[in-house]
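Asks: Got model_9.cif for you, mmCIF, C-alpha atoms and all ligand atoms:
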```cif
data_entry
loop_
_atom_site.label_atom_id
_atom_site.label_comp_id
_atom_site.auth_asym_id
_atom_site.auth_seq_id
_atom_site.Cartn_x
_atom_site.Cartn_y
_atom_site.Cartn_z
CA MET A 22 43.16 -48.55 -50.42
CA ARG A 23 44.52 -49.91 -53.66
CA SER A 24 42.42 -49.37 -56.74
CA ALA A 25 39.81 -51.95 -57.63
CA LYS A 26 41.51 -52.34 -60.96
CA THR A 27 44.79 -53.25 -59.29
CA LEU A 28 43.06 -55.43 -56.73
CA LEU A 29 41.15 -57.34 -59.35
CA ALA A 30 44.14 -57.55 -61.65
CA SER A 31 46.15 -59.02 -58.84
CA ALA A 32 43.27 -61.34 -57.95
CA ALA A 33 43.18 -62.68 -61.49
CA LEU A 34 46.97 -62.79 -61.69
CA CYS A 35 47.28 -64.55 -58.37
CA SER A 36 44.78 -67.19 -59.36
CA VAL A 37 46.87 -67.78 -62.47
CA LEU A 38 49.92 -68.06 -60.24
CA ALA A 39 47.96 -70.29 -57.86
CA VAL A 40 48.26 -67.97 -54.86
CA PRO A 41 44.57 -67.82 -53.98
CA ALA A 42 45.15 -66.54 -50.43
CA HIS A 43 46.30 -63.17 -51.79
CA ALA A 44 43.40 -63.02 -54.24
CA GLU A 45 40.87 -63.65 -51.48
CA LEU A 46 42.42 -61.03 -49.25
CA ASP A 47 42.23 -58.31 -51.91
CA VAL A 48 38.67 -59.05 -52.97
CA ALA A 49 37.67 -59.27 -49.33
CA LYS A 50 38.87 -55.68 -48.82
CA LEU A 51 36.92 -54.52 -51.83
CA LYS A 52 33.85 -56.37 -50.57
CA GLN A 53 34.21 -54.63 -47.23
CA THR A 54 34.34 -51.22 -48.91
CA ILE A 55 31.16 -52.06 -50.86
CA GLU A 56 29.41 -53.25 -47.71
CA THR A 57 30.38 -50.13 -45.75
CA SER A 58 28.98 -47.93 -48.51
CA PHE A 59 25.87 -50.15 -48.63
CA GLU A 60 25.25 -49.70 -44.92
CA SER A 61 25.14 -45.93 -45.18
CA GLU A 62 22.90 -46.14 -48.29
CA TYR A 63 20.57 -48.78 -46.93
CA PRO A 64 17.92 -46.59 -45.24
CA LYS A 65 17.18 -44.98 -48.65
CA LEU A 66 17.15 -48.35 -50.43
CA ASP A 67 14.89 -49.82 -47.76
CA ALA A 68 12.40 -46.97 -48.22
CA LEU A 69 12.52 -47.40 -52.01
CA TYR A 70 12.06 -51.18 -51.73
CA LYS A 71 9.09 -50.94 -49.38
CA ASP A 72 7.44 -48.21 -51.45
CA ILE A 73 7.77 -50.25 -54.66
CA HIS A 74 6.66 -53.41 -52.84
CA ALA A 75 3.53 -51.70 -51.46
CA HIS A 76 2.65 -50.18 -54.86
CA PRO A 77 3.38 -52.78 -57.51
CA GLU A 78 2.43 -52.34 -61.16
CA ILE A 79 1.64 -54.93 -63.76
CA ALA A 80 3.32 -55.55 -67.15
CA PHE A 81 3.57 -52.43 -69.36
CA GLN A 82 1.71 -50.39 -66.71
CA GLU A 83 4.86 -49.69 -64.67
CA VAL A 84 4.60 -45.89 -65.04
CA LYS A 85 5.05 -44.87 -61.40
CA THR A 86 7.67 -47.54 -60.71
CA SER A 87 9.64 -46.39 -63.72
CA ALA A 88 9.40 -42.74 -62.64
CA LYS A 89 10.68 -43.64 -59.15
CA LEU A 90 13.73 -45.39 -60.61
CA ALA A 91 14.36 -42.58 -63.10
CA ALA A 92 14.47 -40.06 -60.24
CA GLN A 93 16.89 -42.24 -58.24
CA MET A 94 19.23 -42.74 -61.20
CA ARG A 95 19.25 -39.03 -62.11
CA ALA A 96 20.12 -38.21 -58.50
CA ILE A 97 23.11 -40.58 -58.73
CA GLY A 98 24.28 -38.81 -61.92
CA PHE A 99 22.99 -41.08 -64.70
CA GLU A 100 21.55 -39.72 -67.93
CA VAL A 101 18.10 -41.30 -68.08
CA THR A 102 15.90 -41.97 -71.11
CA GLU A 103 12.32 -42.94 -70.29
CA LYS A 104 9.65 -44.80 -72.26
CA VAL A 105 12.01 -47.18 -74.04
CA GLY A 106 9.84 -50.19 -74.95
CA LYS A 107 6.69 -48.47 -73.54
CA THR A 108 7.60 -48.14 -69.84
CA GLY A 109 11.30 -49.12 -69.84
CA LEU A 110 14.26 -47.00 -68.77
CA VAL A 111 17.82 -46.69 -70.00
CA ALA A 112 20.26 -45.01 -67.61
CA ILE A 113 23.77 -44.24 -68.86
CA TYR A 114 26.82 -43.18 -66.85
CA LYS A 115 29.97 -42.38 -68.83
CA ASN A 116 33.31 -42.57 -67.09
CA GLY A 117 36.05 -42.34 -69.72
CA ASP A 118 37.10 -44.79 -72.38
CA GLY A 119 36.32 -48.42 -71.86
CA PRO A 120 33.70 -51.09 -72.35
CA THR A 121 29.95 -50.70 -71.87
CA ILE A 122 28.58 -52.95 -69.15
CA MET A 123 24.83 -53.50 -68.90
CA VAL A 124 22.90 -54.30 -65.71
CA ARG A 125 19.22 -55.14 -66.06
CA THR A 126 16.32 -55.09 -63.62
CA GLU A 127 12.67 -55.85 -64.28
CA LEU A 128 9.89 -53.42 -63.34
CA ASP A 129 6.76 -55.54 -63.34
CA ALA A 130 4.70 -57.31 -60.67
CA LEU A 131 2.15 -60.13 -60.90
CA PRO A 132 -1.67 -60.12 -61.17
CA MET A 133 -2.24 -61.83 -57.80
CA GLU A 134 -3.07 -61.10 -54.18
CA GLU A 135 -0.26 -60.83 -51.64
CA LYS A 136 -0.93 -62.78 -48.44
CA THR A 137 2.28 -62.21 -46.50
CA GLY A 138 0.72 -59.94 -43.86
CA LEU A 139 3.84 -57.75 -43.97
CA PRO A 140 3.39 -54.13 -42.83
CA TYR A 141 4.41 -53.03 -46.35
CA ALA A 142 2.30 -55.64 -48.18
CA SER A 143 0.52 -54.58 -51.36
CA HIS A 144 -3.23 -53.99 -51.32
CA ASP A 145 -3.21 -52.36 -54.75
CA LYS A 146 -5.37 -53.39 -57.67
CA ALA A 147 -5.17 -52.86 -61.41
CA ILE A 148 -7.14 -53.63 -64.54
CA TRP A 149 -5.65 -56.61 -66.31
CA HIS A 150 -7.16 -58.01 -69.52
CA GLY A 151 -10.37 -56.11 -68.79
CA ARG A 152 -10.77 -57.35 -65.21
CA GLU A 153 -9.79 -55.91 -61.87
CA THR A 154 -7.08 -57.87 -60.08
CA PHE A 155 -4.83 -57.52 -57.06
CA VAL A 156 -1.19 -56.85 -57.89
CA ALA A 157 1.84 -58.11 -55.94
CA HIS A 158 5.61 -58.25 -56.26
CA SER A 159 5.53 -61.99 -55.61
CA CYS A 160 8.42 -62.66 -57.99
CA GLY A 161 10.68 -60.26 -56.06
CA HIS A 162 11.37 -57.84 -58.92
CA ASP A 163 11.27 -55.11 -56.25
CA ILE A 164 14.38 -56.70 -54.67
CA HIS A 165 16.04 -56.52 -58.08
CA MET A 166 15.14 -52.83 -58.45
CA ALA A 167 16.55 -51.90 -55.03
CA SER A 168 19.72 -53.91 -55.78
CA TRP A 169 19.99 -52.22 -59.19
CA VAL A 170 19.82 -48.70 -57.70
CA GLY A 171 22.21 -49.73 -54.89
CA THR A 172 24.71 -51.16 -57.40
CA ALA A 173 24.55 -47.99 -59.53
CA LYS A 174 25.24 -45.85 -56.46
CA THR A 175 28.11 -48.08 -55.32
CA LEU A 176 29.77 -48.19 -58.75
CA VAL A 177 29.59 -44.41 -59.10
CA GLY A 178 31.16 -44.15 -55.64
CA LEU A 179 33.98 -46.41 -56.90
CA LYS A 180 34.39 -44.57 -60.22
CA ASP A 181 38.13 -44.03 -59.70
CA HIS A 182 38.49 -47.80 -59.97
CA TRP A 183 37.01 -48.42 -63.41
CA GLN A 184 36.70 -46.80 -66.84
CA GLY A 185 33.94 -47.14 -69.38
CA THR A 186 30.17 -46.82 -69.54
CA LEU A 187 27.49 -48.17 -67.24
CA MET A 188 24.24 -48.96 -69.02
CA PHE A 189 21.56 -49.69 -66.42
CA ILE A 190 18.29 -50.79 -67.97
CA ALA A 191 14.91 -51.30 -66.28
CA GLN A 192 12.72 -53.59 -68.31
CA PRO A 193 8.93 -53.80 -68.34
CA ALA A 194 6.80 -56.94 -68.62
CA GLU A 195 9.27 -59.72 -67.83
CA GLU A 196 6.42 -61.88 -66.55
CA GLU A 197 4.81 -61.61 -69.98
CA VAL A 198 8.18 -62.40 -71.58
CA ALA A 199 7.53 -59.35 -73.75
CA GLY A 200 9.50 -56.47 -72.21
CA ALA A 201 13.01 -57.35 -73.40
CA LYS A 202 11.75 -57.67 -76.96
CA ALA A 203 9.87 -54.36 -76.65
CA MET A 204 13.04 -52.55 -75.52
CA ILE A 205 15.19 -54.08 -78.27
CA GLU A 206 12.57 -53.23 -80.91
CA ASP A 207 12.52 -49.66 -79.58
CA GLY A 208 16.22 -49.26 -80.35
CA LEU A 209 17.88 -50.40 -77.11
CA PHE A 210 21.05 -51.39 -78.97
CA THR A 211 20.92 -48.76 -81.72
CA ARG A 212 19.86 -45.59 -79.91
CA PHE A 213 22.18 -46.50 -77.01
CA PRO A 214 25.59 -48.21 -76.92
CA LYS A 215 25.57 -51.95 -77.55
CA PRO A 216 26.95 -53.45 -74.32
CA ASP A 217 30.12 -55.55 -74.32
CA VAL A 218 28.91 -57.54 -71.32
CA GLY A 219 25.57 -57.84 -69.49
CA PHE A 220 24.46 -58.93 -66.03
CA ALA A 221 21.15 -59.66 -64.33
CA LEU A 222 20.11 -61.34 -61.11
CA HIS A 223 16.98 -63.03 -59.82
CA ASP A 224 15.99 -63.85 -56.26
CA GLY A 225 14.78 -67.25 -55.12
CA ALA A 226 13.70 -69.33 -52.11
CA PHE A 227 17.11 -70.21 -50.65
CA PRO A 228 19.17 -68.64 -47.85
CA TYR A 229 20.16 -65.00 -48.12
CA GLY A 230 23.87 -64.39 -48.48
CA TYR A 231 24.05 -67.24 -51.01
CA ILE A 232 24.49 -66.90 -54.76
CA ALA A 233 23.67 -69.59 -57.32
CA TYR A 234 25.06 -69.54 -60.85
CA ARG A 235 25.62 -71.65 -63.93
CA VAL A 236 27.90 -71.77 -66.89
CA GLY A 237 25.87 -72.36 -70.04
CA VAL A 238 22.13 -73.01 -69.93
CA GLY A 239 20.37 -71.36 -66.98
CA SER A 240 16.65 -71.37 -67.82
CA SER A 241 14.29 -73.10 -70.21
CA ASN A 242 13.02 -72.49 -73.74
CA ALA A 243 9.28 -71.84 -73.42
CA ASP A 244 6.89 -72.37 -76.32
CA GLY A 245 3.12 -72.07 -76.33
CA LEU A 246 0.88 -74.82 -77.66
CA TYR A 247 -2.60 -74.45 -79.19
CA ILE A 248 -4.49 -77.38 -80.70
CA LYS A 249 -8.00 -77.46 -82.10
CA PHE A 250 -9.45 -80.95 -82.66
CA LYS A 251 -12.21 -80.78 -85.23
CA GLY A 252 -15.07 -83.27 -84.81
CA ARG A 253 -18.68 -83.49 -85.82
CA GLY A 254 -21.18 -82.64 -83.12
CA GLY A 255 -24.38 -84.45 -82.30
CA HIS A 256 -26.48 -86.19 -79.64
CA GLY A 257 -24.62 -87.74 -76.75
CA ALA A 258 -26.84 -90.82 -77.06
CA MET A 259 -25.96 -91.32 -80.74
CA PRO A 260 -22.13 -91.17 -80.90
CA GLN A 261 -22.10 -93.27 -84.10
CA ALA A 262 -23.35 -90.17 -85.97
CA THR A 263 -20.58 -87.95 -84.59
CA ILE A 264 -16.84 -87.55 -84.49
CA ASP A 265 -16.09 -86.90 -80.84
CA PRO A 266 -13.45 -84.14 -80.29
CA VAL A 267 -13.55 -84.59 -76.48
CA MET A 268 -12.38 -88.17 -76.98
CA MET A 269 -9.57 -86.95 -79.23
CA ALA A 270 -8.50 -84.26 -76.78
CA SER A 271 -8.51 -86.73 -73.87
CA ARG A 272 -6.45 -89.26 -75.81
CA PHE A 273 -4.00 -86.54 -76.82
CA VAL A 274 -3.51 -85.27 -73.24
CA VAL A 275 -2.46 -88.77 -72.18
CA ASP A 276 -0.57 -89.88 -75.30
CA VAL A 277 1.49 -86.70 -75.61
CA GLN A 278 3.31 -87.68 -72.40
CA SER A 279 4.80 -90.68 -74.21
CA ILE A 280 6.99 -88.20 -76.12
CA ILE A 281 8.55 -87.33 -72.76
CA SER A 282 8.82 -90.88 -71.51
CA ARG A 283 9.58 -92.83 -74.73
CA GLU A 284 10.95 -90.52 -77.43
CA LYS A 285 13.06 -87.98 -75.56
CA ASP A 286 16.37 -89.00 -74.02
CA PRO A 287 15.43 -89.48 -70.33
CA THR A 288 18.60 -87.62 -69.24
CA GLU A 289 17.54 -84.47 -71.13
CA PHE A 290 15.04 -81.93 -69.78
CA GLY A 291 11.71 -81.60 -71.55
CA VAL A 292 8.18 -80.95 -70.30
CA VAL A 293 4.83 -80.55 -71.99
CA SER A 294 1.87 -79.55 -69.84
CA ILE A 295 -1.70 -79.01 -70.99
CA GLY A 296 -3.07 -76.24 -68.81
CA ALA A 297 -6.44 -75.62 -70.47
CA LEU A 298 -8.99 -77.81 -72.24
CA HIS A 299 -12.12 -76.18 -73.61
CA ALA A 300 -14.95 -78.14 -75.21
CA GLY A 301 -18.70 -78.39 -75.15
CA THR A 302 -21.59 -76.89 -73.22
CA ALA A 303 -23.75 -79.72 -71.87
CA GLY A 304 -23.48 -83.38 -70.88
CA ASN A 305 -25.71 -84.70 -73.66
CA ILE A 306 -24.19 -82.82 -76.59
CA ILE A 307 -21.06 -84.00 -78.35
CA PRO A 308 -19.43 -80.73 -79.40
CA ASP A 309 -17.93 -79.86 -82.78
CA GLU A 310 -14.48 -79.08 -81.50
CA ALA A 311 -12.10 -79.18 -78.55
CA ILE A 312 -9.33 -76.69 -77.88
CA LEU A 313 -6.22 -77.41 -75.83
CA LEU A 314 -3.66 -74.91 -74.55
CA GLY A 315 -0.30 -75.97 -73.25
CA THR A 316 3.32 -75.06 -72.61
CA ILE A 317 6.46 -76.78 -73.88
CA ARG A 318 9.71 -76.37 -71.90
CA THR A 319 13.16 -77.55 -72.92
CA PHE A 320 16.83 -76.61 -72.53
CA LYS A 321 18.38 -77.82 -75.78
CA PRO A 322 17.33 -76.89 -79.33
CA GLU A 323 17.50 -80.53 -80.51
CA VAL A 324 15.19 -81.68 -77.67
CA ARG A 325 12.87 -78.78 -78.48
CA ALA A 326 12.71 -79.83 -82.17
CA LYS A 327 12.04 -83.47 -81.23
CA MET A 328 9.22 -82.46 -78.88
CA HIS A 329 7.59 -80.14 -81.42
CA ASP A 330 7.69 -82.93 -84.00
CA GLY A 331 6.27 -85.48 -81.57
CA ILE A 332 3.45 -83.19 -80.44
CA GLU A 333 2.33 -82.48 -84.01
CA ARG A 334 2.55 -86.15 -84.98
CA THR A 335 0.58 -87.26 -81.91
CA ALA A 336 -2.15 -84.67 -82.56
CA ARG A 337 -2.48 -85.73 -86.23
CA ALA A 338 -2.46 -89.43 -85.29
CA VAL A 339 -5.17 -88.97 -82.67
CA ALA A 340 -7.37 -87.22 -85.27
CA ALA A 341 -6.64 -89.92 -87.86
CA MET A 342 -7.66 -92.64 -85.38
CA ALA A 343 -11.05 -90.92 -84.98
CA ASN A 344 -11.37 -90.44 -88.75
CA ALA A 345 -11.51 -86.70 -88.12
CA PRO A 346 -10.07 -83.88 -90.22
CA ALA A 347 -6.49 -82.87 -89.43
CA PRO A 348 -6.33 -80.72 -86.29
CA ASP A 349 -4.99 -77.15 -86.15
CA VAL A 350 -1.70 -77.29 -84.27
CA ARG A 351 0.02 -74.01 -83.50
CA ILE A 352 3.27 -73.87 -81.60
CA THR A 353 4.16 -70.29 -80.78
CA GLU A 354 7.78 -69.60 -80.22
CA GLY A 355 8.21 -68.17 -76.75
CA THR A 356 11.33 -67.08 -75.02
CA LYS A 357 14.61 -68.92 -75.43
CA ALA A 358 16.81 -70.36 -72.72
CA VAL A 359 19.23 -68.01 -70.96
CA VAL A 360 22.71 -69.26 -71.83
CA ASN A 361 25.47 -67.77 -69.71
CA ASP A 362 28.70 -66.86 -71.49
CA PRO A 363 31.63 -69.02 -70.26
CA ALA A 364 34.15 -66.15 -70.50
CA VAL A 365 31.97 -63.63 -68.62
CA VAL A 366 31.14 -66.21 -65.95
CA GLY A 367 34.80 -67.30 -65.77
CA THR A 368 35.91 -63.72 -65.05
CA ALA A 369 33.20 -62.95 -62.48
CA GLU A 370 33.56 -66.38 -60.90
CA LYS A 371 37.11 -65.73 -59.68
CA VAL A 372 36.10 -62.53 -57.91
CA LEU A 373 32.75 -63.79 -56.55
CA LYS A 374 34.32 -67.02 -55.31
CA ALA A 375 36.98 -64.99 -53.49
CA ALA A 376 34.27 -62.73 -52.02
CA PHE A 377 31.59 -65.28 -51.07
CA GLY A 378 33.51 -68.55 -50.73
CA ASP A 379 31.27 -71.60 -50.68
CA LYS A 380 28.16 -69.40 -50.53
CA PHE A 381 28.76 -68.87 -54.25
CA ARG A 382 27.65 -72.12 -55.83
CA VAL A 383 27.01 -73.75 -59.17
CA THR A 384 23.45 -75.06 -59.45
CA PRO A 385 21.57 -76.98 -62.13
CA PRO A 386 19.51 -74.91 -64.58
CA GLY A 387 16.01 -73.88 -63.54
CA THR A 388 12.93 -74.96 -65.51
CA PRO A 389 11.13 -71.57 -65.56
CA SER A 390 11.85 -69.15 -68.39
CA GLU A 391 13.25 -65.64 -68.50
CA ASP A 392 13.32 -63.15 -71.35
CA TYR A 393 16.81 -61.92 -70.44
CA SER A 394 17.71 -64.41 -73.20
CA GLU A 395 16.60 -61.76 -75.74
CA TYR A 396 19.62 -59.60 -74.89
CA ILE A 397 21.97 -62.58 -75.06
CA ASN A 398 20.57 -63.61 -78.42
CA ALA A 399 20.97 -60.01 -79.63
CA GLY A 400 24.71 -60.45 -78.98
CA VAL A 401 25.36 -59.39 -75.36
CA PRO A 402 27.55 -62.03 -73.65
CA SER A 403 26.14 -62.26 -70.15
CA MET A 404 25.94 -63.76 -66.72
CA PHE A 405 22.56 -64.29 -65.03
CA PHE A 406 22.72 -65.41 -61.42
CA ASN A 407 20.40 -65.97 -58.45
CA ILE A 408 20.41 -64.67 -54.89
CA GLY A 409 18.66 -66.18 -51.87
CA VAL A 410 16.02 -64.35 -49.81
CA TYR A 411 15.27 -66.31 -46.63
CA ASP A 412 16.75 -66.63 -43.15
CA PRO A 413 19.14 -69.62 -43.33
CA GLU A 414 17.54 -71.09 -40.18
CA ARG A 415 14.11 -71.01 -41.78
CA VAL A 416 15.53 -72.74 -44.85
CA ALA A 417 17.16 -75.42 -42.66
CA ALA A 418 13.86 -75.95 -40.79
CA ALA A 419 12.01 -76.36 -44.09
CA ARG A 420 14.53 -79.02 -45.14
CA ASN A 421 13.86 -80.86 -41.86
CA SER A 422 10.14 -81.19 -42.57
CA GLY A 423 9.33 -77.76 -41.12
CA PRO A 424 6.94 -75.32 -42.81
CA PRO A 425 7.64 -75.23 -46.57
CA LEU A 426 9.28 -72.14 -48.01
CA PRO A 427 7.04 -70.05 -50.26
CA GLY A 428 8.74 -69.73 -53.63
CA ASN A 429 8.49 -67.07 -56.33
CA HIS A 430 4.88 -66.49 -57.46
CA SER A 431 3.52 -67.71 -54.11
CA PRO A 432 1.21 -65.19 -52.34
CA GLN A 433 3.41 -65.78 -49.26
CA PHE A 434 6.74 -64.99 -50.99
CA ALA A 435 8.48 -62.61 -48.57
CA PRO A 436 12.21 -61.89 -48.97
CA VAL A 437 14.09 -60.52 -45.94
CA PRO A 438 15.00 -57.15 -47.47
CA GLN A 439 18.33 -55.98 -46.00
CA PRO A 440 20.54 -59.08 -46.29
CA THR A 441 19.00 -59.97 -49.66
CA ILE A 442 19.55 -56.52 -51.19
CA GLN A 443 23.02 -56.37 -49.64
CA THR A 444 24.00 -59.61 -51.39
CA GLY A 445 22.48 -58.31 -54.63
CA VAL A 446 24.43 -55.05 -54.48
CA THR A 447 27.72 -56.62 -53.40
CA ALA A 448 27.64 -59.46 -55.92
CA MET A 449 26.50 -57.28 -58.81
CA THR A 450 29.06 -54.54 -58.06
CA LEU A 451 31.88 -57.11 -57.94
CA ALA A 452 30.65 -58.81 -61.12
CA VAL A 453 30.60 -55.48 -63.00
CA LEU A 454 34.06 -54.54 -61.67
CA SER A 455 35.39 -57.93 -62.78
CA ALA A 456 34.14 -57.29 -66.32
CA PHE A 457 35.67 -53.76 -66.47
CA ASP A 458 38.92 -55.14 -65.15
CA GLN A 459 39.05 -58.00 -67.62
CA ARG A 460 38.34 -55.73 -70.58
CA ALA A 461 40.89 -53.14 -69.35
CA LYS A 462 43.52 -55.87 -69.53
CA GLY A 463 42.38 -56.66 -73.07
CA GLN A 464 41.70 -60.28 -72.28
ZN ZN B 1 8.15 -64.44 -62.11
ZN ZN B 2 10.83 -62.93 -61.98
#
```
In structure tokens, how does this file's structure come out?

Replies:
Amino acid sequence: MRSAKTLLASAALCSVLAVPAHAELDVAKLKQTIETSFESEYPKLDALYKDIHAHPEIAFQEVKTSAKLAAQMRAIGFEVTEKVGKTGLVAIYKNGDGPTIMVRTELDALPMEEKTGLPYASHDKAIWHGRETFVAHSCGHDIHMASWVGTAKTLVGLKDHWQGTLMFIAQPAEEEVAGAKAMIEDGLFTRFPKPDVGFALHDGAFPYGYIAYRVGVGSSNADGLYIKFKGRGGHGAMPQATIDPVMMASRFVVDVQSIISREKDPTEFGVVSIGALHAGTAGNIIPDEAILLGTIRTFKPEVRAKMHDGIERTARAVAAMANAPAPDVRITEGTKAVVNDPAVVGTAEKVLKAAFGDKFRVTPPGTPSEDYSEYINAGVPSMFFNIGVYDPERVAAARNSGPPLPGNHSPQFAPVPQPTIQTGVTAMTLAVLSAFDQRAKGQ
């Protein structure tokens, strides 16, 4: 077989020369090699996946999960550093001169009960914020971990075809959008090489074998909102002697939506949701204060700024209408949008398109958030893409008013392991090879 470097070089060259048939043929051969190696590795990956799935761990408690991955990566030949950013891992594999390519997985599960009924379902519990809770991998981070180990194994098996350094990182606490920051603050890019390119994937409720990607914005900016309306408490039968904070909070919850509908450009994404409203103790007492908690989601910085301004103005105006003191408004900066690098995506796109054809598709950005953006904002040009998890027939049935598909964070979320992990390993291996190849050509 020709080297991956040559195959990919010719793939890129051929697409420049507009001979895509040759490009597809070469990448197809490479894909086949990856899939053959995957097949022989799969029993081990399946066991790892089911073990991690059955024994999930919550944010910053991923001690056993982390140890399992460390053992796997050492067995493959990586040099592993543990406890980076509390429970994170950095696994390095050096293979001559060349760029450093990062691949990230998350380690954490969610504080919720799994209700899939699968033979390897989680029944584990943990203490979370002082209370006992069930724990489940209902976001599919276990799929990412199995794909991550499988990709590492495959790339080491193909080491004659690339030169440089693999930097595989396993990040804690993605669900808390805190783990990426914790790893960076613990010296991820100073104690270890700063990667030239980074990749990450996330699974989702669409057919397995399919890959969704975007150039540019891929996920939302998420900011937290806290507002305290300050009133003057008193008897519910004598409102004239009070300033009613419940009234202010209620007015705010409704009026704040006019920022979305009247102030923001309707073609731009922006959401504000109030998820918690705390005030009072009894029906006949007007309380002193009302506290609101919310979340603000946007894609673009200018929309984000406009929404922050509108939220503060609305809160102050509502208080002024009630002749109340100014409210406390705190907007806490959360995670930023993941913005894919056009050059990294452009390079991987050629190879992944040749490998997956029309199963590799551009999709609109998703509204959830993802702290992979921390690495991008620290200067790692990246591509973040999604892989599907369900039987295509089940997806088609759901589209034709069949049973709805449980999405990420649903207690019923249940990826089909083998084809999902296979797509993860194949796509990630090809993406990493495309980046090595591109850098080797000095482009
Ligand atoms: Zn999640
Ligand atoms: Zn997730």

Asks: Any idea what's packed within 9 Å of A:Thr172, counting all atoms listed in the file, ignoring anything in its chain fewer than 2 positions away? Could you give it as a list in words?

Replies: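 Listing them by chain and then by number gives Phe59, Ala167, Ser168, Trp169, Val170, Lys174, Thr175, Leu176, Val177, Gly445, Val446, Thr447, Ala448, Met449 and Thr450 of chain A.
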
Asks: For the interface of chain A with ligand ZN 2 (chain B) (cut-off 12 Å, counting only C-alpha atoms and all ligand atoms), please tabulate each contacting residue of chain A alongside its nearest pair of atoms and their separation in Å to one decimal, rows sorted by chain and increasing number, as a tab-separated table.

Replies:
```
residue	atom	partner	partner_atom	distance
A:Ala80	CA	B:ZN2	ZN	11.7
A:Thr126	CA	B:ZN2	ZN	9.7
A:Glu127	CA	B:ZN2	ZN	7.7
A:Leu128	CA	B:ZN2	ZN	9.7
A:Asp129	CA	B:ZN2	ZN	8.5
A:Ala130	CA	B:ZN2	ZN	8.4
A:Leu131	CA	B:ZN2	ZN	9.2
A:Ala157	CA	B:ZN2	ZN	11.9
A:His158	CA	B:ZN2	ZN	9.0
A:Ser159	CA	B:ZN2	ZN	8.3
A:Cys160	CA	B:ZN2	ZN	4.7
A:Gly161	CA	B:ZN2	ZN	6.5
A:His162	CA	B:ZN2	ZN	6.0
A:Asp163	CA	B:ZN2	ZN	9.7
A:Ile164	CA	B:ZN2	ZN	10.2
A:His165	CA	B:ZN2	ZN	9.1
A:Met166	CA	B:ZN2	ZN	11.5
A:Gln192	CA	B:ZN2	ZN	11.4
A:Pro193	CA	B:ZN2	ZN	11.3
A:Ala194	CA	B:ZN2	ZN	9.8
A:Glu195	CA	B:ZN2	ZN	6.9
A:Glu196	CA	B:ZN2	ZN	6.4
A:Glu197	CA	B:ZN2	ZN	10.1
A:Val198	CA	B:ZN2	ZN	10.0
A:Ala221	CA	B:ZN2	ZN	11.1
A:Leu222	CA	B:ZN2	ZN	9.5
A:His223	CA	B:ZN2	ZN	6.5
A:Asp224	CA	B:ZN2	ZN	7.8
A:Gly225	CA	B:ZN2	ZN	9.0
A:Ser240	CA	B:ZN2	ZN	11.8
A:Pro389	CA	B:ZN2	ZN	9.4
A:Ser390	CA	B:ZN2	ZN	9.0
A:Glu391	CA	B:ZN2	ZN	7.5
A:Asp392	CA	B:ZN2	ZN	9.7
A:Tyr393	CA	B:ZN2	ZN	10.4
A:Asn407	CA	B:ZN2	ZN	10.6
A:Gly428	CA	B:ZN2	ZN	11.0
A:Asn429	CA	B:ZN2	ZN	7.4
A:His430	CA	B:ZN2	ZN	8.3
A:Ser431	CA	B:ZN2	ZN	11.8
A:Phe434	CA	B:ZN2	ZN	11.9
```

Asks: Around stretch 270-289 of chain A, with edges along x, y and z and 8 Å added on all six sides, what centre and edge lengths do you get, in Å to one decimal, as lines of an AutoDock Vina configuration file?

Replies:
```
center_x = 5.0
center_y = -88.5
center_z = -73.3
size_x = 43.1
size_y = 24.6
size_z = 24.2
```

Asks: Report, in Å with one decimal, the straight-line distance from atom CA of A:Asp67 to atom CA of A:Ala91.

Replies: 17.0 Å

Asks: Do a neighbour search on stretch 316-331 of chain A at 8 Å with all atoms listed in the file, toss out local chain neighbours closer than 2 positions, and write the hits as a ChimeraX atom specification.

Replies: /A:238,240-246,277,280-281,285,289-296,314,333-335,352,358,388

Asks: Atom CA of A:Leu209 to atom CA of A:Leu90: how many Å, to one decimal?

Replies: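 Taking atom CA of A:Leu209 and atom CA of A:Leu90, their separation equals 17.7 Å.
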
Asks: Could you state the separation of atom CA of A:Lys136 and atom CA of A:Pro427 in Å, given to one decimal place?

Replies: 10.9 Å

Asks: Identify, on the basis of all atoms listed in the file, every residue whose closest approach to A:Gly252 does not exceed 9 Å; exclude the query and any residue fewer than 3 positions from it along the same chain; express the result as number ranges by chain.

Replies: A: 263-267, 269, 307-311, 340, 343-346

Asks: Closest to ligand ZN 1 (chain B) among A:Val105, A:Ile55, A:Tyr70, A:Ile79, using only C-alpha atoms and all ligand atoms?

Replies: A:Ile79

Asks: For A:Thr368, which of A:Tyr396, A:Phe405, A:Tyr114, A:Phe457 is the closest residue, counting all atoms listed in the file?

Replies: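 For A:Thr368, the nearest of the given residues is A:Phe457.
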
Asks: Tell me which of A:Ala262, A:Arg382, A:Leu51, A:Met133 sits closest to ligand ZN 1 (chain B), counting only C-alpha atoms and all ligand atoms.

Replies: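 Counting only C-alpha atoms and all ligand atoms, the residue closest to ligand ZN 1 (chain B) is A:Met133.
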
Asks: Using only C-alpha atoms for the distances, tell me which of A:Glu153, A:Asp217, A:Asp349, A:Glu78 is nearest to A:Tyr247.

Replies: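 Among the listed residues, A:Asp349 lies closest to A:Tyr247.
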
Asks: Which residues are near A:Ala92? Cut-off 12 Å, only C-alpha atoms, ignore same chain within fewer than 4 positions. Put them as JSON, numbers by chain.

Replies: {"A": [69, 85, 86, 87, 88, 96, 97, 98, 99, 100, 101, 102, 103, 110, 112, 170]}
